[in-house]
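Participant: Sharing run_19.txt below, compact mmCIF, C-alpha atoms:
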# COMPACT_ATOMS: atom_id res chain seq x y z
CA MET L 1 -23.48 -10.61 11.74
CA GLN L 2 -21.65 -7.28 11.88
CA PHE L 3 -18.40 -6.33 13.55
CA SER L 4 -17.71 -2.73 14.52
CA LEU L 5 -14.23 -1.31 14.21
CA ALA L 6 -12.65 1.99 15.18
CA ALA L 7 -14.00 5.16 13.59
CA GLY L 8 -17.32 3.53 12.70
CA LEU L 9 -15.90 1.07 10.17
CA GLN L 10 -17.77 -2.18 9.91
CA LEU L 11 -17.13 -5.65 8.59
CA GLN L 12 -20.03 -7.82 7.61
CA LYS L 13 -19.87 -11.58 7.97
CA SER L 14 -21.69 -13.81 5.56
CA ASP L 15 -22.55 -17.39 6.49
CA TYR L 16 -21.12 -18.78 3.26
CA ARG L 17 -18.15 -16.61 2.36
CA GLY L 18 -16.55 -15.44 5.58
CA LEU L 19 -15.71 -11.75 5.76
CA THR L 20 -17.00 -10.34 2.51
CA ARG L 21 -16.66 -6.62 3.01
CA VAL L 22 -13.59 -4.79 4.15
CA GLY L 23 -14.86 -1.47 2.90
CA THR L 24 -14.26 0.52 -0.24
CA LYS L 25 -12.00 3.39 -1.16
CA ASN L 26 -14.76 5.93 -0.57
CA ASN L 27 -16.31 4.71 2.66
CA VAL L 28 -13.22 4.15 4.79
CA LYS L 29 -11.30 7.26 3.78
CA GLY L 30 -8.05 5.41 3.31
CA ARG L 31 -7.61 3.70 6.70
CA ILE L 32 -7.89 0.26 5.11
CA ALA L 33 -5.76 1.31 2.12
CA VAL L 34 -2.96 2.43 4.42
CA SER L 35 -3.00 -0.54 6.81
CA GLU L 36 -3.75 -3.34 4.35
CA GLY L 37 -1.23 -1.84 1.97
CA TRP L 38 1.42 -2.08 4.70
CA GLY L 39 0.50 -5.71 5.38
CA ASN L 40 0.79 -6.65 1.72
CA TYR L 41 4.04 -4.73 1.36
CA ILE L 42 5.75 -6.22 4.41
CA GLU L 43 4.60 -9.70 3.40
CA GLY L 44 6.12 -9.24 -0.07
CA ILE L 45 9.49 -7.99 1.13
CA SER L 46 9.62 -10.64 3.86
CA ILE L 47 9.04 -13.40 1.31
CA ALA L 48 11.65 -11.87 -0.97
CA ASP L 49 14.21 -11.66 1.86
CA LYS L 50 13.54 -15.25 2.91
CA TYR L 51 13.77 -16.89 -0.50
CA ARG L 52 16.21 -14.68 -2.44
CA GLY L 53 19.27 -16.69 -3.40
CA THR L 54 17.75 -20.07 -2.50
CA SER L 55 16.34 -22.84 -4.66
CA TYR L 56 12.98 -21.10 -4.10
CA ASP L 57 14.17 -17.79 -5.55
CA PHE L 58 11.11 -17.76 -7.84
CA ARG L 59 9.03 -16.99 -4.74
CA ALA L 60 11.14 -13.90 -4.08
CA THR L 61 10.73 -12.81 -7.69
CA ASP L 62 6.96 -13.41 -7.60
CA ALA L 63 6.57 -11.42 -4.38
CA LEU L 64 8.49 -8.43 -5.71
CA THR L 65 6.70 -8.59 -9.05
CA TYR L 66 3.37 -8.48 -7.21
CA LEU L 67 4.46 -5.29 -5.44
CA GLU L 68 6.05 -3.66 -8.47
CA ASN L 69 3.21 -4.39 -10.87
CA GLN L 70 0.30 -3.01 -8.86
CA VAL L 71 -2.06 -1.14 -11.14
CA PRO L 72 -3.79 1.55 -9.06
CA SER L 73 -7.54 1.71 -9.36
CA SER L 74 -10.39 3.95 -8.28
CA ASN L 75 -12.70 0.96 -8.54
CA ASN L 76 -14.80 0.50 -5.42
CA ASP L 77 -15.11 -3.25 -5.95
CA VAL L 78 -14.18 -4.96 -2.70
CA TYR L 79 -12.35 -7.72 -4.57
CA ASN L 80 -10.26 -5.32 -6.68
CA GLN L 81 -7.35 -4.34 -4.46
CA GLY L 82 -5.99 -1.67 -6.79
CA TRP L 83 -6.98 1.03 -4.28
CA LEU L 84 -4.77 -0.45 -1.54
CA VAL L 85 -1.32 1.13 -1.59
CA TYR L 86 1.03 -1.84 -1.20
CA GLY L 87 2.77 -0.95 -4.45
CA MET L 88 3.24 2.61 -3.26
CA TYR L 89 5.25 1.50 -0.23
CA HIS L 90 7.41 -0.64 -2.50
CA ASP L 91 7.83 2.25 -4.91
CA MET L 92 9.08 4.42 -2.06
CA THR L 93 11.92 1.94 -1.43
CA ASP L 94 12.77 0.10 -4.64
CA ASN L 95 14.78 2.66 -6.66
CA THR L 96 13.91 0.95 -9.96
CA ALA L 97 12.01 2.04 -13.04
CA GLU L 98 8.25 1.58 -12.89
CA PRO L 99 6.58 -0.66 -15.50
CA THR L 100 4.74 1.68 -17.87
CA PHE L 101 1.50 -0.33 -17.83
CA THR L 102 0.94 0.63 -14.17
CA SER L 103 0.72 4.39 -14.98
CA VAL L 104 2.53 5.05 -11.69
CA ILE L 105 4.98 7.95 -11.49
CA ASP L 106 7.76 6.63 -9.30
CA ASN L 107 10.62 9.08 -8.80
CA VAL L 108 10.87 8.46 -5.05
CA THR L 109 14.23 7.04 -4.00
CA ALA L 110 14.94 8.28 -0.47
CA TYR L 111 13.16 5.78 1.79
CA ASN L 112 13.58 2.33 3.31
CA ALA L 113 11.15 -0.03 5.04
CA SER L 114 11.81 1.55 8.44
CA SER L 115 11.01 5.06 7.26
CA VAL L 116 7.89 3.76 5.48
CA PHE L 117 6.76 2.12 8.74
CA ARG L 118 7.49 5.23 10.80
CA GLY L 119 4.80 7.06 8.82
CA LEU L 120 2.10 4.68 10.08
CA GLN L 121 0.96 6.73 13.05
CA PRO L 122 -2.38 6.34 14.88
CA TYR L 123 -3.68 9.64 13.48
CA VAL L 124 -3.03 8.57 9.87
CA VAL L 125 -6.44 7.70 8.48
CA THR L 126 -5.98 8.48 4.78
CA VAL L 127 -3.26 8.06 2.19
CA ARG L 128 -2.85 11.84 2.12
CA ASP L 129 -2.40 11.84 5.92
CA TYR L 130 0.31 9.25 5.38
CA GLN L 131 2.00 11.40 2.75
CA ASN L 132 1.89 14.47 5.01
CA THR L 133 3.34 12.48 7.91
CA ILE L 134 6.20 11.15 5.78
CA ASN L 135 6.90 14.69 4.55
CA SER L 136 6.95 16.16 8.04
CA GLN L 137 9.08 13.36 9.49
CA ASN L 138 11.66 13.80 6.74
CA ASN L 139 11.81 17.61 6.38
CA ALA L 140 9.84 17.44 3.09
CA LEU L 141 12.50 15.23 1.53
CA GLN L 142 11.25 14.42 -1.96
CA SER L 143 7.85 15.98 -1.22
CA PHE L 144 7.29 16.78 -4.91
CA GLU L 145 8.09 13.19 -5.88
CA MET L 146 5.81 11.88 -3.08
CA GLU L 147 3.00 14.08 -4.42
CA GLN L 148 3.46 12.58 -7.89
CA LEU L 149 3.52 9.06 -6.48
CA VAL L 150 0.42 9.40 -4.28
CA THR L 151 -1.51 11.14 -7.06
CA SER L 152 -0.58 8.42 -9.52
CA TYR L 153 -2.03 5.91 -7.05
CA ARG L 154 -5.30 7.83 -7.51
CA TRP L 155 -5.44 9.33 -4.05
In structure tokens, what does this structure look like?
Facilitator:
Amino acid sequence: MQFSLAAGLQLQKSDYRGLTRVGTKNNVKGRIAVSEGWGNYIEGISIADKYRGTSYDFRATDALTYLENQVPSSNNDVYNQGWLVYGMYHDMTDNTAEPTFTSVIDNVTAYNASSVFRGLQPYVVTVRDYQNTINSQNNALQSFEMEQLVTSYRW
């Protein structure tokens, strides 16, 4: 069974594994990377906000570690989510040093979750579209640093 989505994207349903294909970095031109990345990012910061300072603080730490430690990948394997950009959204807002093993260049410090969300416009269909939208909405604030960040996420 196949499901059609906007812009010709398709999901395929397998009888034994549920939805098995959400696309790859090359065949969806970033639409999935941008939207799924946002979902993962907002989930992580929501968990962190909910559990920080409680007896379940380890959940907050785990959620933020997941965001901070994303290792970008050009791998087209559907199950390798390194090409989603959830870590990039976090890096735009966290103002902390990046772990060296990620190979991410994170010098971006000027954004918050609201400004990250504002960049998610209907016409944004690639990570580079997202970057351009953020730059235009913010008068090219930290555009050089955004270029470094997006490039280090292999887009």
Participant: First collect every listed atom of range 120-130 of chain L; then fit an axis-aligned box around them, widen it by 3 Å on each side, and give centre and edge lengths in Å to one decimal, as JSON.
Facilitator:
{"center_x": -2.2, "center_y": 8.3, "center_z": 8.5, "size_x": 14.5, "size_y": 13.2, "size_z": 18.8}
Participant: Hey, which of L:Asp49, L:Glu68, L:Glu145, L:Glu98 ends up closest to Val85 in chain L? Count only C-alpha atoms.
Facilitator: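 Nearest candidate to Val85 in chain L out of L:Asp49, L:Glu68, L:Glu145, L:Glu98: L:Glu68.
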Participant: Pick the closest to Pro99 in chain L from L:Tyr111, L:Gln131, L:Ser74, L:Thr65: which is it, counting all atoms listed in the file?
Facilitator: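 Looking at the shortest contact to Pro99 in chain L, the residue is L:Thr65.
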Participant: What is the distance, in Å and to one decimal place, between CA of Pro72 in chain L and CA of Tyr56 in chain L?
Facilitator: 28.6 Å
Participant: Given the choices L:Ile47, L:Val104, L:Met146, L:Ile42, which gets closest to Asn69 in chain L if the distance is worked out from only C-alpha atoms?
Facilitator: L:Val104
Participant: Using only C-alpha atoms, pick whichever of L:Val125, L:Ala113, L:Ile105, L:Val150 has the shortest atom-to-atom distance to Ile45 in chain L.
Facilitator: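 For Ile45 in chain L, the nearest of the candidates is L:Ala113.
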Participant: In Å, with one decimal, what is the gap from CA of Ala63 in chain L to CA of Ala48 in chain L?
Facilitator: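 Atom-to-atom, CA of Ala63 in chain L to CA of Ala48 in chain L, that is 6.1 Å.
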Participant: Nearest to Tyr89 in chain L among L:Asn132, L:Ser115, L:Gln137, L:Gln121, with distances taken over all atoms listed in the file: which residue is it?
Facilitator: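 Of the candidates, the smallest distance to Tyr89 in chain L is held by L:Ser115.
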Participant: Work out how far apart CA of Thr151 in chain L and CA of Asp62 in chain L are and give it in Å to one decimal.
Facilitator: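 Interatomic distance, CA of Thr151 in chain L to CA of Asp62 in chain L: 26.0 Å.
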Participant: Could you please give me, as a PyMOL selection string, the residues of protein, DNA or RNA lying at most 10 Å from (6.2, 3.7, -9.6) in the coordinate frame of the file, considering all atoms listed in the file?
Facilitator: chain L and resi 68-71+87-92+94-100+102-108+148-150+152-153
Participant: Pick out the closest residue to Leu67 in chain L from this set: L:Ala140, L:Glu147, L:Arg31, L:Tyr86. Count only C-alpha atoms.
Facilitator: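 Of the candidates, the smallest distance to Leu67 in chain L is held by L:Tyr86.
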